[in-house]
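Raw contents of query16.txt, compact mmCIF, C-alpha atoms and all ligand atoms:
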# COMPACT_ATOMS: atom_id res chain seq x y z
CA MET V 638 -2.04 -34.19 9.36
CA GLN V 639 -1.07 -30.61 8.52
CA LYS V 640 -3.25 -28.78 6.02
CA ASN V 641 -2.85 -25.61 4.05
CA ARG V 642 -5.54 -23.17 5.24
CA GLN V 643 -6.58 -20.81 2.44
CA VAL V 644 -8.83 -17.77 2.14
CA VAL V 645 -10.84 -18.04 -1.09
CA LEU V 646 -13.32 -15.85 -2.94
CA ALA V 647 -16.87 -17.06 -2.11
CA SER V 648 -18.74 -14.40 -4.12
CA TYR V 649 -17.85 -11.34 -6.16
CA ALA V 650 -17.78 -7.99 -4.35
CA SER V 651 -20.25 -5.54 -5.88
CA ASP V 652 -19.32 -2.43 -3.89
CA ALA V 653 -17.35 -2.56 -0.64
CA ALA V 654 -15.95 -6.05 -0.01
CA ARG V 655 -17.70 -7.83 2.84
CA VAL V 656 -16.58 -10.70 5.05
CA GLU V 657 -19.26 -12.86 3.32
CA ASN V 658 -17.37 -12.49 0.01
CA PHE V 659 -14.65 -14.75 1.45
CA ALA V 660 -14.50 -18.31 2.81
CA MET V 661 -11.88 -20.51 4.48
CA THR V 662 -10.89 -23.82 2.92
CA GLU V 663 -8.16 -26.38 3.49
CA SER V 664 -6.04 -28.28 1.00
CA PRO V 665 -2.96 -30.50 1.23
CA ILE V 666 0.33 -28.65 1.66
CA PRO V 667 1.80 -28.36 -1.87
CA GLN V 668 5.26 -29.71 -2.64
CA PRO V 669 7.74 -27.72 -4.76
CA GLY V 670 8.49 -28.94 -8.28
CA GLU V 671 11.75 -28.35 -10.14
CA GLY V 672 12.74 -24.65 -9.85
CA GLU V 673 10.14 -23.97 -7.16
CA PHE V 674 10.29 -23.40 -3.42
CA LEU V 675 7.70 -23.64 -0.64
CA ILE V 676 7.08 -20.65 1.63
CA ARG V 677 5.51 -20.74 5.07
CA ASN V 678 3.71 -17.38 5.08
CA MET V 679 4.28 -15.30 8.20
CA TYR V 680 2.66 -11.93 7.36
CA PHE V 681 0.11 -10.88 4.75
CA SER V 682 0.29 -7.32 3.49
CA LEU V 683 -3.28 -6.02 3.24
CA GLU V 684 -3.51 -3.89 0.10
CA PRO V 685 -6.44 -1.83 -1.25
CA ALA V 686 -5.49 -3.05 -4.76
CA ILE V 687 -6.79 -6.51 -3.82
CA ARG V 688 -10.33 -5.07 -4.02
CA GLY V 689 -9.79 -4.67 -7.77
CA TRP V 690 -9.36 -8.42 -8.19
CA LEU V 691 -12.55 -9.39 -6.30
CA ASP V 692 -15.26 -8.47 -8.81
CA GLY V 693 -14.54 -10.75 -11.76
CA LYS V 694 -12.99 -8.02 -13.94
CA ALA V 695 -9.38 -7.80 -15.10
CA ASN V 696 -7.49 -5.06 -13.25
CA TYR V 697 -3.81 -5.16 -14.34
CA PHE V 698 -3.88 -8.75 -13.08
CA PRO V 699 -6.52 -11.35 -13.97
CA PRO V 700 -9.56 -11.36 -11.68
CA ILE V 701 -9.62 -13.97 -8.92
CA PRO V 702 -12.23 -16.62 -9.86
CA ILE V 703 -14.90 -17.81 -7.45
CA GLY V 704 -13.18 -20.43 -5.29
CA GLY V 705 -9.74 -19.00 -6.12
CA VAL V 706 -7.29 -18.23 -3.33
CA ILE V 707 -6.96 -14.49 -2.67
CA ARG V 708 -3.79 -13.04 -4.17
CA GLY V 709 -1.70 -10.69 -2.03
CA PRO V 710 1.86 -9.89 -1.00
CA SER V 711 3.37 -11.77 1.91
CA VAL V 712 6.57 -12.27 3.84
CA GLY V 713 7.42 -15.86 4.63
CA ARG V 714 10.14 -18.36 5.34
CA VAL V 715 11.31 -20.92 2.80
CA VAL V 716 10.68 -24.40 4.21
CA ALA V 717 11.53 -26.59 1.19
CA SER V 718 13.27 -25.81 -2.07
CA LYS V 719 14.11 -27.21 -5.48
CA ASN V 720 15.53 -23.84 -6.57
CA ALA V 721 19.28 -23.31 -6.22
CA ASP V 722 18.83 -19.62 -5.33
CA PHE V 723 16.51 -20.19 -2.36
CA ALA V 724 17.26 -22.37 0.65
CA PRO V 725 15.19 -23.38 3.68
CA GLY V 726 15.38 -20.58 6.23
CA ASP V 727 15.51 -17.76 3.67
CA ILE V 728 12.99 -14.98 4.31
CA VAL V 729 11.25 -13.76 1.15
CA PHE V 730 8.74 -11.14 0.05
CA ALA V 731 6.57 -11.84 -3.01
CA LEU V 732 3.07 -11.56 -4.43
CA ASN V 733 1.66 -14.81 -3.05
CA HIS V 734 -1.73 -15.80 -1.68
CA TRP V 735 -3.67 -15.69 1.59
CA GLU V 736 -2.72 -19.21 2.70
CA ASP V 737 -0.39 -20.94 5.14
CA TYR V 738 1.94 -22.27 2.44
CA SER V 739 2.64 -20.83 -1.02
CA ILE V 740 4.58 -22.30 -3.91
CA CYS V 741 6.95 -19.70 -5.35
CA HIS V 742 9.47 -19.50 -8.21
CA SER V 743 12.20 -17.14 -9.42
CA ASP V 744 9.84 -15.14 -11.68
CA ALA V 745 7.26 -14.39 -8.96
CA VAL V 746 6.03 -10.78 -8.99
CA LEU V 747 7.86 -8.54 -6.48
CA LEU V 748 10.04 -11.48 -5.35
CA GLU V 749 12.83 -10.40 -3.06
CA LYS V 750 15.10 -12.37 -0.74
CA LEU V 751 15.19 -10.29 2.44
CA GLN V 752 18.22 -9.66 4.61
CA PRO V 753 16.50 -8.66 7.88
CA HIS V 754 18.65 -6.26 9.87
CA GLY V 755 19.41 -6.82 13.56
CA ASP V 756 16.48 -5.60 15.60
CA THR V 757 14.21 -4.73 12.68
CA PRO V 758 10.91 -6.62 13.08
CA ILE V 759 10.25 -8.91 10.11
CA SER V 760 6.74 -7.42 9.87
CA TYR V 761 8.32 -4.14 8.71
CA TYR V 762 9.19 -5.90 5.44
CA VAL V 763 5.52 -6.02 4.42
CA GLY V 764 5.02 -2.32 5.18
CA ALA V 765 7.54 0.40 5.91
CA LEU V 766 10.39 -1.58 4.35
CA GLY V 767 8.13 -3.46 1.94
CA GLY V 768 5.57 -2.39 -0.64
CA ALA V 769 4.32 0.71 1.17
CA GLY V 770 7.73 2.22 1.88
CA ALA V 771 9.15 1.34 -1.54
CA THR V 772 6.03 2.67 -3.32
CA ALA V 773 6.27 5.96 -1.44
CA TYR V 774 10.01 6.24 -2.11
CA VAL V 775 9.86 5.34 -5.83
CA GLY V 776 6.76 7.48 -6.38
CA LEU V 777 8.30 10.60 -4.89
CA HIS V 778 11.72 10.23 -6.50
CA GLU V 779 11.10 8.54 -9.85
CA ILE V 780 7.68 10.00 -10.69
CA GLY V 781 7.53 13.13 -8.50
CA LYS V 782 11.19 14.14 -9.05
CA ILE V 783 11.15 15.51 -5.51
CA GLN V 784 13.48 18.39 -4.64
CA SER V 785 14.32 20.11 -1.38
CA GLY V 786 12.20 23.16 -0.59
CA GLN V 787 9.13 21.99 -2.48
CA THR V 788 5.57 21.76 -1.13
CA VAL V 789 4.33 18.17 -1.18
CA VAL V 790 0.70 17.17 -0.51
CA VAL V 791 -0.09 13.53 0.32
CA SER V 792 -3.55 11.93 0.58
CA ALA V 793 -4.49 8.91 2.76
CA ALA V 794 -1.67 10.43 4.79
CA ALA V 795 -2.21 8.39 7.96
CA GLY V 796 -2.10 5.12 6.02
CA ALA V 797 0.72 2.78 5.11
CA THR V 798 1.91 4.46 1.90
CA GLY V 799 0.88 8.01 2.77
CA SER V 800 2.59 8.07 6.16
CA MET V 801 5.82 6.92 4.52
CA ALA V 802 5.49 9.38 1.62
CA GLY V 803 5.01 12.30 3.99
CA GLN V 804 7.95 11.32 6.18
CA ILE V 805 10.23 10.73 3.17
CA ALA V 806 9.30 14.16 1.81
CA LYS V 807 10.22 15.69 5.20
CA GLN V 808 13.60 13.95 5.00
CA ARG V 809 14.05 15.56 1.57
CA GLY V 810 13.55 19.03 3.09
CA CYS V 811 10.02 19.69 1.86
CA THR V 812 6.97 21.33 3.40
CA VAL V 813 4.48 18.47 3.73
CA ILE V 814 0.70 18.68 3.97
CA GLY V 815 -1.35 15.54 4.63
CA ILE V 816 -4.99 14.93 3.69
CA VAL V 817 -6.92 12.54 5.95
CA GLY V 818 -10.48 11.51 6.80
CA SER V 819 -10.70 12.38 10.51
CA ASP V 820 -9.46 14.87 13.09
CA GLU V 821 -7.78 12.00 14.99
CA LYS V 822 -5.75 11.13 11.89
CA ALA V 823 -4.96 14.83 11.35
CA LYS V 824 -3.51 15.00 14.87
CA LEU V 825 -1.58 11.76 14.34
CA ILE V 826 0.17 12.81 11.15
CA VAL V 827 1.34 16.11 12.61
CA GLU V 828 2.32 14.84 16.06
CA GLN V 829 3.67 11.38 15.20
CA PHE V 830 4.77 11.59 11.58
CA GLY V 831 5.96 15.21 11.59
CA PHE V 832 3.77 16.58 8.76
CA ASP V 833 3.70 20.39 8.72
CA ALA V 834 -0.09 20.55 8.38
CA ALA V 835 -3.15 18.33 8.03
CA ILE V 836 -6.42 18.73 6.12
CA ASN V 837 -9.59 16.75 6.87
CA TYR V 838 -11.16 16.10 3.45
CA LYS V 839 -14.53 15.41 5.06
CA THR V 840 -14.81 18.83 6.72
CA ASP V 841 -12.26 21.22 5.13
CA ASP V 842 -12.08 23.00 1.76
CA ILE V 843 -8.99 21.17 0.44
CA ALA V 844 -7.87 23.67 -2.20
CA ALA V 845 -8.36 26.67 0.09
CA ALA V 846 -6.47 24.96 2.90
CA VAL V 847 -3.51 24.06 0.64
CA LEU V 848 -3.35 27.56 -0.86
CA ALA V 849 -3.47 29.14 2.60
CA ILE V 850 -0.22 27.32 3.41
CA ALA V 851 1.38 27.44 -0.06
CA PRO V 852 -0.14 30.38 -2.02
CA GLU V 853 1.46 29.30 -5.31
CA GLY V 854 0.15 25.75 -4.86
CA ALA V 855 1.70 22.32 -4.43
CA ASP V 856 4.78 21.25 -6.38
CA ILE V 857 3.89 17.57 -5.91
CA TYR V 858 0.58 15.89 -5.11
CA PHE V 859 1.09 12.23 -4.12
CA ASP V 860 -2.38 10.87 -4.89
CA ASN V 861 -3.52 7.76 -3.05
CA VAL V 862 -7.26 8.34 -3.36
CA GLY V 863 -8.37 9.96 -6.66
CA GLY V 864 -12.01 11.18 -6.80
CA PRO V 865 -13.07 14.42 -5.12
CA VAL V 866 -9.70 14.87 -3.39
CA LEU V 867 -7.84 14.68 -6.71
CA ASN V 868 -10.42 17.00 -8.26
CA ALA V 869 -9.79 19.57 -5.51
CA MET V 870 -6.00 19.21 -5.75
CA LEU V 871 -6.08 19.99 -9.49
CA VAL V 872 -6.92 23.61 -8.58
CA ALA V 873 -4.28 23.74 -5.85
CA MET V 874 -1.25 22.79 -7.97
CA LYS V 875 1.65 25.07 -8.83
CA VAL V 876 2.35 25.66 -12.55
CA TYR V 877 4.52 22.77 -13.83
CA GLY V 878 3.53 20.74 -10.73
CA ARG V 879 3.61 16.95 -10.74
CA ILE V 880 0.79 14.63 -9.71
CA VAL V 881 2.02 11.17 -8.70
CA GLY V 882 -0.77 8.68 -9.44
CA CYS V 883 -0.21 6.01 -6.78
CA GLY V 884 -3.77 4.85 -6.18
CA MET V 885 -7.46 5.85 -6.37
CA ILE V 886 -9.06 4.10 -3.42
CA SER V 887 -12.16 6.32 -3.53
CA ASP V 888 -13.09 4.57 -6.81
CA TYR V 889 -12.18 0.98 -5.91
CA ASN V 890 -15.72 0.18 -4.76
CA ARG V 891 -17.33 2.16 -7.63
CA THR V 892 -15.92 0.39 -10.66
CA GLU V 893 -19.13 0.91 -12.71
CA ASN V 894 -19.44 4.56 -11.79
CA PRO V 895 -16.17 6.19 -10.73
CA ASN V 896 -16.17 9.67 -9.21
CA PRO V 897 -16.20 12.32 -11.97
CA ILE V 898 -13.12 14.53 -12.38
CA THR V 899 -14.29 17.94 -13.59
CA ASN V 900 -11.09 19.95 -13.20
CA LEU V 901 -8.91 18.06 -15.69
CA TRP V 902 -8.42 21.21 -17.80
CA GLU V 903 -6.04 22.36 -15.04
CA VAL V 904 -3.53 19.80 -16.35
CA VAL V 905 -3.28 22.01 -19.45
CA ALA V 906 -3.76 25.41 -17.83
CA ARG V 907 -1.12 24.73 -15.18
CA GLN V 908 1.07 22.61 -17.47
CA LEU V 909 1.01 19.76 -14.97
CA THR V 910 2.62 16.36 -15.32
CA MET V 911 0.39 13.55 -14.09
CA GLN V 912 1.81 10.05 -14.14
CA GLY V 913 0.64 6.82 -12.63
CA PHE V 914 2.96 3.98 -11.68
CA LEU V 915 2.91 0.43 -10.32
CA LEU V 916 5.69 -0.63 -8.00
CA PHE V 917 6.51 -3.89 -9.77
CA THR V 918 7.63 -1.90 -12.86
CA TYR V 919 10.31 -0.27 -10.67
CA HIS V 920 11.27 -3.46 -8.84
CA ASP V 921 14.98 -2.90 -9.49
CA GLN V 922 14.82 0.27 -7.37
CA VAL V 923 13.40 -1.46 -4.30
CA PRO V 924 16.75 -2.49 -2.68
CA ALA V 925 18.07 1.09 -2.77
CA ALA V 926 14.79 2.41 -1.36
CA GLN V 927 14.88 -0.23 1.36
CA ALA V 928 18.47 0.62 2.32
CA GLN V 929 17.68 4.33 2.70
CA LEU V 930 14.45 3.67 4.59
CA THR V 931 16.21 1.23 6.95
CA GLU V 932 18.78 3.91 7.76
CA TRP V 933 16.13 6.56 8.46
CA ILE V 934 14.06 4.16 10.60
CA ASN V 935 17.13 3.06 12.59
CA GLN V 936 18.05 6.71 13.13
CA GLY V 937 14.54 7.41 14.42
CA LYS V 938 13.89 9.83 11.56
CA ILE V 939 10.96 7.83 10.23
CA LYS V 940 8.30 6.37 12.54
CA VAL V 941 6.48 3.15 11.80
CA ILE V 942 2.95 2.37 12.96
CA GLU V 943 1.49 -1.07 12.32
CA HIS V 944 -2.10 -2.27 12.60
CA ILE V 945 -1.63 -6.00 13.15
CA THR V 946 -4.47 -8.53 13.04
CA LYS V 947 -3.61 -12.00 14.32
CA GLY V 948 -4.84 -15.22 12.73
CA ILE V 949 -5.36 -16.21 9.11
CA ALA V 950 -9.11 -16.65 9.67
CA ASN V 951 -9.39 -12.96 10.54
CA THR V 952 -7.84 -11.82 7.23
CA PRO V 953 -11.16 -11.02 5.46
CA ALA V 954 -12.37 -8.87 8.38
CA ALA V 955 -8.99 -7.14 8.56
CA PHE V 956 -9.14 -6.37 4.84
CA CYS V 957 -12.65 -4.88 5.16
CA GLU V 958 -11.43 -2.79 8.09
CA LEU V 959 -8.56 -1.41 5.97
CA MET V 960 -10.92 -0.44 3.15
CA SER V 961 -13.29 1.37 5.55
CA GLY V 962 -10.58 3.75 6.78
CA LYS V 963 -10.49 2.34 10.33
CA THR V 964 -6.74 1.64 10.30
CA THR V 965 -3.68 3.83 10.65
CA GLY V 966 -0.20 2.92 9.46
CA LYS V 967 0.37 -0.46 7.83
CA ALA V 968 -2.49 -2.97 8.02
CA LEU V 969 -1.18 -6.53 8.06
CA VAL V 970 -2.07 -10.01 9.23
CA GLU V 971 0.23 -12.09 11.39
CA VAL V 972 -0.44 -15.67 10.37
CA ASP V 973 -0.93 -17.94 13.38
CA LEU V 974 2.08 -20.22 12.87
CA ILE V 975 2.04 -21.96 16.21
CA GLU V 976 -1.02 -24.07 15.45
CA LEU V 977 0.65 -25.77 12.54
CA THR V 978 4.43 -25.83 13.00
N1 LIG V 1001 1.01 2.14 -7.33
C1 LIG V 1001 1.40 1.15 -6.55
O1 LIG V 1001 2.26 0.33 -6.91
C2 LIG V 1001 0.79 1.03 -5.18
C3 LIG V 1001 1.37 0.21 -4.20
C4 LIG V 1001 0.78 0.18 -2.92
C5 LIG V 1001 -0.37 0.95 -2.67
N2 LIG V 1001 -0.90 1.70 -3.68
C6 LIG V 1001 -2.10 2.53 -3.45
O2 LIG V 1001 -1.83 3.42 -2.39
C7 LIG V 1001 -3.06 3.77 -1.76
C8 LIG V 1001 -2.90 3.57 -0.25
O3 LIG V 1001 -2.72 2.19 0.01
P1 LIG V 1001 -2.26 1.71 1.47
O4 LIG V 1001 -1.97 0.26 1.38
O5 LIG V 1001 -1.23 2.62 1.96
O6 LIG V 1001 -3.60 1.87 2.31
P2 LIG V 1001 -3.86 2.81 3.58
O7 LIG V 1001 -3.59 4.23 3.16
O8 LIG V 1001 -3.18 2.28 4.76
O9 LIG V 1001 -5.43 2.64 3.81
C9 LIG V 1001 -6.33 3.18 2.93
C10 LIG V 1001 -6.82 4.57 3.40
O10 LIG V 1001 -7.50 5.17 2.31
C11 LIG V 1001 -8.39 6.15 2.82
N3 LIG V 1001 -9.66 6.09 2.09
C12 LIG V 1001 -10.51 5.04 2.01
N4 LIG V 1001 -11.58 5.37 1.27
C13 LIG V 1001 -11.38 6.66 0.87
C14 LIG V 1001 -12.13 7.59 0.08
N5 LIG V 1001 -13.31 7.25 -0.47
N6 LIG V 1001 -11.63 8.83 -0.12
C15 LIG V 1001 -10.44 9.18 0.42
N7 LIG V 1001 -9.70 8.35 1.19
C16 LIG V 1001 -10.17 7.11 1.39
C17 LIG V 1001 -8.60 5.83 4.30
O11 LIG V 1001 -8.00 6.87 5.05
P3 LIG V 1001 -8.87 8.12 5.59
O12 LIG V 1001 -9.48 7.69 6.88
O13 LIG V 1001 -7.85 9.20 5.75
O14 LIG V 1001 -9.92 8.41 4.55
C18 LIG V 1001 -7.85 4.52 4.51
O15 LIG V 1001 -7.27 4.45 5.78
C19 LIG V 1001 -4.14 2.89 -2.38
O16 LIG V 1001 -4.81 3.62 -3.37
C20 LIG V 1001 -3.33 1.76 -3.00
O17 LIG V 1001 -4.00 1.14 -4.06
C21 LIG V 1001 -0.34 1.75 -4.91

Show me this structure written as structure tokens.
Amino acid sequence: MQKNRQVVLASYASDAARVENFAMTESPIPQPGEGEFLIRNMYFSLEPAIRGWLDGKANYFPPIPIGGVIRGPSVGRVVASKNADFAPGDIVFALNHWEDYSICHSDAVLLEKLQPHGDTPISYYVGALGGAGATAYVGLHEIGKIQSGQTVVVSAAAGATGSMAGQIAKQRGCTVIGIVGSDEKAKLIVEQFGFDAAINYKTDDIAAAVLAIAPEGADIYFDNVGGPVLNAMLVAMKVYGRIVGCGMISDYNRTENPNPITNLWEVVARQLTMQGFLLFTYHDQVPAAQAQLTEWINQGKIKVIEHITKGIANTPAAFCELMSGKTTGKALVEVDLIELT
């Protein structure tokens, strides 16, 4: 008999999440009730934000309880439906769970019926054409108010969101500087993703390096990491510059004791605008972002790198790998469908 394999929380994470914080269980495959539909998950999008739900504290969503299935975005195929808007065979993106089968409904967070284009791999819809691409696009346009000719600095620049943000900013005619954690990633973002320059935050003086390229400072800082990198960028911003608060991964494992920010006065002195955002608030803008990104990818103007882990049982290890900085591009899990279908 087929079962629904699920990854659950075995113990709360206290600093970095470890494989031992997770466990595999099995339950019967759920059946959709009125208004619901059943998804066979194909790809899990591994997201640093999931770390914020693993320690028993509320973090813009309720914490995942011990024994609870891990929440995360996925792309899957509808296999049964009691919802008139979704039919078997439809491919959907939504905030679901790390499990073979998820029950979904019309009000699910980030729910989108996908219209995969020709040769575009479906996996792209969890990354470049999914949350990462849309977050980068909305963040730069809606929050950053990006304009041609500006200097844009992006952190975690070799990652899923950062690599898209940097490439989108290049398409908008900007000078783009990426901040990364290794010389290999620095090489990658310049040679593969077309950034104008790269800074290694572990070895370089970030502010000095930015100001050497853009003496007046950055117009936009797309912040994926917070902490010491944000602190350094505060003294490398142009007057009236905009800081796009996308994420603060350097604090995700330090919830009791986040990295201190000592340069916040620069927000006043430089008359900066600093605004955070969460993609689901701008969900109505995702289709337009996706259409533009699809065009750029098909034209070869934006490159996509994926870090794919196969097998649902390997999801916890893949998530820990993402959080330790060992991945480049979009980290995702390809669920092993063949065993069950
Ligand atoms: N606002 C939203 O709606 C939204 C949506 C999606 C993602 N996000 C945020 O966007 C950020 C990037 O997410 P992603 O999915 O694209 O992940 P990702 O960039 O593919 O992977 C995370 C990267 O963060 C870097 N990192 C890890 N620890 C760090 C530290 N202490 N200091 C500096 N950098 C560190 C690592 O790169 P290095 O090797 O270069 O250090 C790692 O590869 C996260 O903060 C995430 O929460 C926000």

Write out, as a tab-separated table, each residue of chain V that has an atom at most 8 Å from ligand LIG 1001 (chain V), together with the closest pair of atoms and their distance in Å to one decimal, counting only C-alpha atoms and all ligand atoms, rows going by chain and rising number.
residue	atom	partner	partner_atom	distance
V:Leu683	CA	V:LIG1001	O4	6.7
V:Glu684	CA	V:LIG1001	O4	4.6
V:Pro685	CA	V:LIG1001	O17	4.8
V:Ala686	CA	V:LIG1001	O17	4.5
V:Gly768	CA	V:LIG1001	C4	5.9
V:Ala769	CA	V:LIG1001	C4	5.4
V:Thr772	CA	V:LIG1001	C3	5.3
V:Gly776	CA	V:LIG1001	N1	7.9
V:Ser792	CA	V:LIG1001	N7	7.1
V:Ala793	CA	V:LIG1001	O13	4.5
V:Ala794	CA	V:LIG1001	O13	6.4
V:Ala795	CA	V:LIG1001	O13	6.1
V:Gly796	CA	V:LIG1001	O8	3.3
V:Ala797	CA	V:LIG1001	O5	3.7
V:Thr798	CA	V:LIG1001	O5	3.6
V:Gly799	CA	V:LIG1001	O5	5.8
V:Ser800	CA	V:LIG1001	O5	7.9
V:Ile816	CA	V:LIG1001	O13	6.7
V:Val817	CA	V:LIG1001	O13	3.5
V:Gly818	CA	V:LIG1001	O13	3.7
V:Ser819	CA	V:LIG1001	O12	6.1
V:Lys822	CA	V:LIG1001	O13	6.8
V:Asn837	CA	V:LIG1001	O13	7.8
V:Tyr838	CA	V:LIG1001	C15	7.6
V:Asp860	CA	V:LIG1001	C7	7.8
V:Asn861	CA	V:LIG1001	C7	4.2
V:Val862	CA	V:LIG1001	C15	5.0
V:Gly863	CA	V:LIG1001	N6	7.4
V:Gly864	CA	V:LIG1001	N6	7.1
V:Pro865	CA	V:LIG1001	N6	7.6
V:Val866	CA	V:LIG1001	C15	6.9
V:Gly882	CA	V:LIG1001	N1	7.1
V:Cys883	CA	V:LIG1001	N1	4.1
V:Gly884	CA	V:LIG1001	O16	3.2
V:Met885	CA	V:LIG1001	O16	4.6
V:Ile886	CA	V:LIG1001	O16	4.3
V:Ser887	CA	V:LIG1001	N5	3.4
V:Asp888	CA	V:LIG1001	N5	6.9
V:Gly913	CA	V:LIG1001	N1	7.1
V:Phe914	CA	V:LIG1001	N1	5.1
V:Leu915	CA	V:LIG1001	O1	3.5
V:Leu916	CA	V:LIG1001	O1	3.7
V:Phe917	CA	V:LIG1001	O1	6.6
V:Leu959	CA	V:LIG1001	O9	5.6
V:Met960	CA	V:LIG1001	C12	5.6
V:Ser961	CA	V:LIG1001	C12	5.8
V:Gly962	CA	V:LIG1001	O15	3.5
V:Lys963	CA	V:LIG1001	O15	6.0
V:Thr964	CA	V:LIG1001	O15	5.3
V:Thr965	CA	V:LIG1001	O15	6.1
V:Gly966	CA	V:LIG1001	O8	5.6
V:Lys967	CA	V:LIG1001	O8	5.4
V:Ala968	CA	V:LIG1001	O8	6.2

Per-residue nearest contacts segment 672-746 of chain V to segment 645-667 of chain V, cut-off 7 Å, using only C-alpha atoms, as a Markdown table:
| residue | atom | partner | partner_atom | distance |
| --- | --- | --- | --- | --- |
| V:Arg688 | CA | V:Ala654 | CA | 7.0 |
| V:Leu691 | CA | V:Tyr649 | CA | 5.6 |
| V:Asp692 | CA | V:Tyr649 | CA | 4.7 |
| V:Gly693 | CA | V:Tyr649 | CA | 6.5 |
| V:Ile703 | CA | V:Leu646 | CA | 5.2 |
| V:Gly704 | CA | V:Leu646 | CA | 5.1 |
| V:Gly705 | CA | V:Val645 | CA | 5.2 |
| V:Val706 | CA | V:Val645 | CA | 4.2 |
| V:Ile707 | CA | V:Val645 | CA | 5.5 |
| V:Tyr738 | CA | V:Ile666 | CA | 6.6 |
| V:Ile740 | CA | V:Pro667 | CA | 7.0 |

Export of prior selection with C-alpha atoms as a short mmCIF file (atom, residue, chain, number, x, y, z; two decimals), in the frame of the given file:
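Contents of result-v3.cif, freshly written:
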data_model
loop_
_atom_site.label_atom_id
_atom_site.label_comp_id
_atom_site.auth_asym_id
_atom_site.auth_seq_id
_atom_site.Cartn_x
_atom_site.Cartn_y
_atom_site.Cartn_z
CA ARG V 688 -10.33 -5.07 -4.02
CA LEU V 691 -12.55 -9.39 -6.30
CA ASP V 692 -15.26 -8.47 -8.81
CA GLY V 693 -14.54 -10.75 -11.76
CA ILE V 703 -14.90 -17.81 -7.45
CA GLY V 704 -13.18 -20.43 -5.29
CA GLY V 705 -9.74 -19.00 -6.12
CA VAL V 706 -7.29 -18.23 -3.33
CA ILE V 707 -6.96 -14.49 -2.67
CA TYR V 738 1.94 -22.27 2.44
CA ILE V 740 4.58 -22.30 -3.91
#

Give the answer as one residue: which of V:Glu671, V:Asp722, V:Glu943, V:Glu971 has the shortest atom-to-atom distance to Met801 of chain V, using all atoms listed in the file?
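Of all the options, V:Glu943 lies closest to Met801 of chain V.
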
If you count all atoms listed in the file, the residue of V:Ala834, V:Glu958, V:Ser739, V:Val923 closest to Gly767 of chain V turns out to be V:Val923

Enter the distance from atom CA of Gly948 of chain V to atom CA of Leu974 of chain V, in Å, rounded to one decimal.
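Rounded to one decimal, the two atoms are 8.5 Å apart.
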
Calculate how many Å separate atom CA of Asp856 of chain V from atom CA of Gly689 of chain V, rounding to one decimal.
29.8 Å

Across V:Met679, V:Val791, V:Ala955, V:Ile783, the smallest distance to Val847 of chain V, with all atoms listed in the file counted, is shown by V:Val791

List as a short mmCIF file (atom, residue, chain, number, x, y, z; two decimals) with C-alpha atoms, keeping the file's coordinate frame the protein and nucleic acid residues near Cys741 of chain V, meaning an atom at most 7 Å away when only C-alpha atoms are counted, but skip any in the same chain fewer than 5 places from it.
data_model
loop_
_atom_site.label_atom_id
_atom_site.label_comp_id
_atom_site.auth_asym_id
_atom_site.auth_seq_id
_atom_site.Cartn_x
_atom_site.Cartn_y
_atom_site.Cartn_z
CA GLU V 673 10.14 -23.97 -7.16
CA PHE V 674 10.29 -23.40 -3.42
CA LEU V 675 7.70 -23.64 -0.64
#

Taking only C-alpha atoms into account, which of V:Asp842, V:Val876, V:Lys938, V:Ala806 comes nearest Gly781 of chain V?
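Going through V:Asp842, V:Val876, V:Lys938, V:Ala806 one by one, the smallest distance to Gly781 of chain V is for V:Ala806.
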
Coordinates-based distance that separates atom CA of Ile857 of chain V from atom CA of Gly878 of chain V (Å, one decimal):
5.8 Å

Compare V:Asp756, V:Asp973, V:Asp841, V:Glu749 by their minimum atom-to-atom distance to Asp737 of chain V, counting only C-alpha atoms, and give me the closest one.
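So, comparing all the options, the nearest one is V:Asp973.
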
Proximity to Gln908 of chain V - best of V:Lys875, V:Arg891, V:Lys782, V:Lys719, only C-alpha atoms
V:Lys875

Residues near Val763 of chain V, cut-off 10 Å, all atoms listed in the file, skip fewer than 3 positions along chain, as a compact mmCIF listing (two decimals) with C-alpha atoms, in the frame of the given file:
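Now in out-v2.txt:
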# COMPACT_ATOMS: atom_id res chain seq x y z
CA TYR V 680 2.66 -11.93 7.36
CA PHE V 681 0.11 -10.88 4.75
CA SER V 682 0.29 -7.32 3.49
CA LEU V 683 -3.28 -6.02 3.24
CA PRO V 710 1.86 -9.89 -1.00
CA SER V 711 3.37 -11.77 1.91
CA VAL V 712 6.57 -12.27 3.84
CA PHE V 730 8.74 -11.14 0.05
CA ALA V 731 6.57 -11.84 -3.01
CA ILE V 759 10.25 -8.91 10.11
CA SER V 760 6.74 -7.42 9.87
CA LEU V 766 10.39 -1.58 4.35
CA GLY V 767 8.13 -3.46 1.94
CA GLY V 768 5.57 -2.39 -0.64
CA ALA V 769 4.32 0.71 1.17
CA GLY V 770 7.73 2.22 1.88
CA LYS V 967 0.37 -0.46 7.83
CA ALA V 968 -2.49 -2.97 8.02
CA LEU V 969 -1.18 -6.53 8.06
CA VAL V 970 -2.07 -10.01 9.23

Which residues come within 8 Å of Val775 of chain V, counting all atoms listed in the file, excluding same-chain residues fewer than 4 positions away, as number ranges by chain?
V: 771, 779-780, 916, 919, 922-923, 926

Could you write out that same residue set with C-alpha atoms as an mmCIF file, keeping the file's coordinate frame?
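out.cif was written with the following content:
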data_model
loop_
_atom_site.group_PDB
_atom_site.id
_atom_site.type_symbol
_atom_site.label_atom_id
_atom_site.label_comp_id
_atom_site.auth_asym_id
_atom_site.auth_seq_id
_atom_site.Cartn_x
_atom_site.Cartn_y
_atom_site.Cartn_z
ATOM 1 C CA ALA V 771 9.150 1.340 -1.540
ATOM 2 C CA GLU V 779 11.100 8.540 -9.850
ATOM 3 C CA ILE V 780 7.680 10.000 -10.690
ATOM 4 C CA LEU V 916 5.690 -0.630 -8.000
ATOM 5 C CA TYR V 919 10.310 -0.270 -10.670
ATOM 6 C CA GLN V 922 14.820 0.270 -7.370
ATOM 7 C CA VAL V 923 13.400 -1.460 -4.300
ATOM 8 C CA ALA V 926 14.790 2.410 -1.360
#
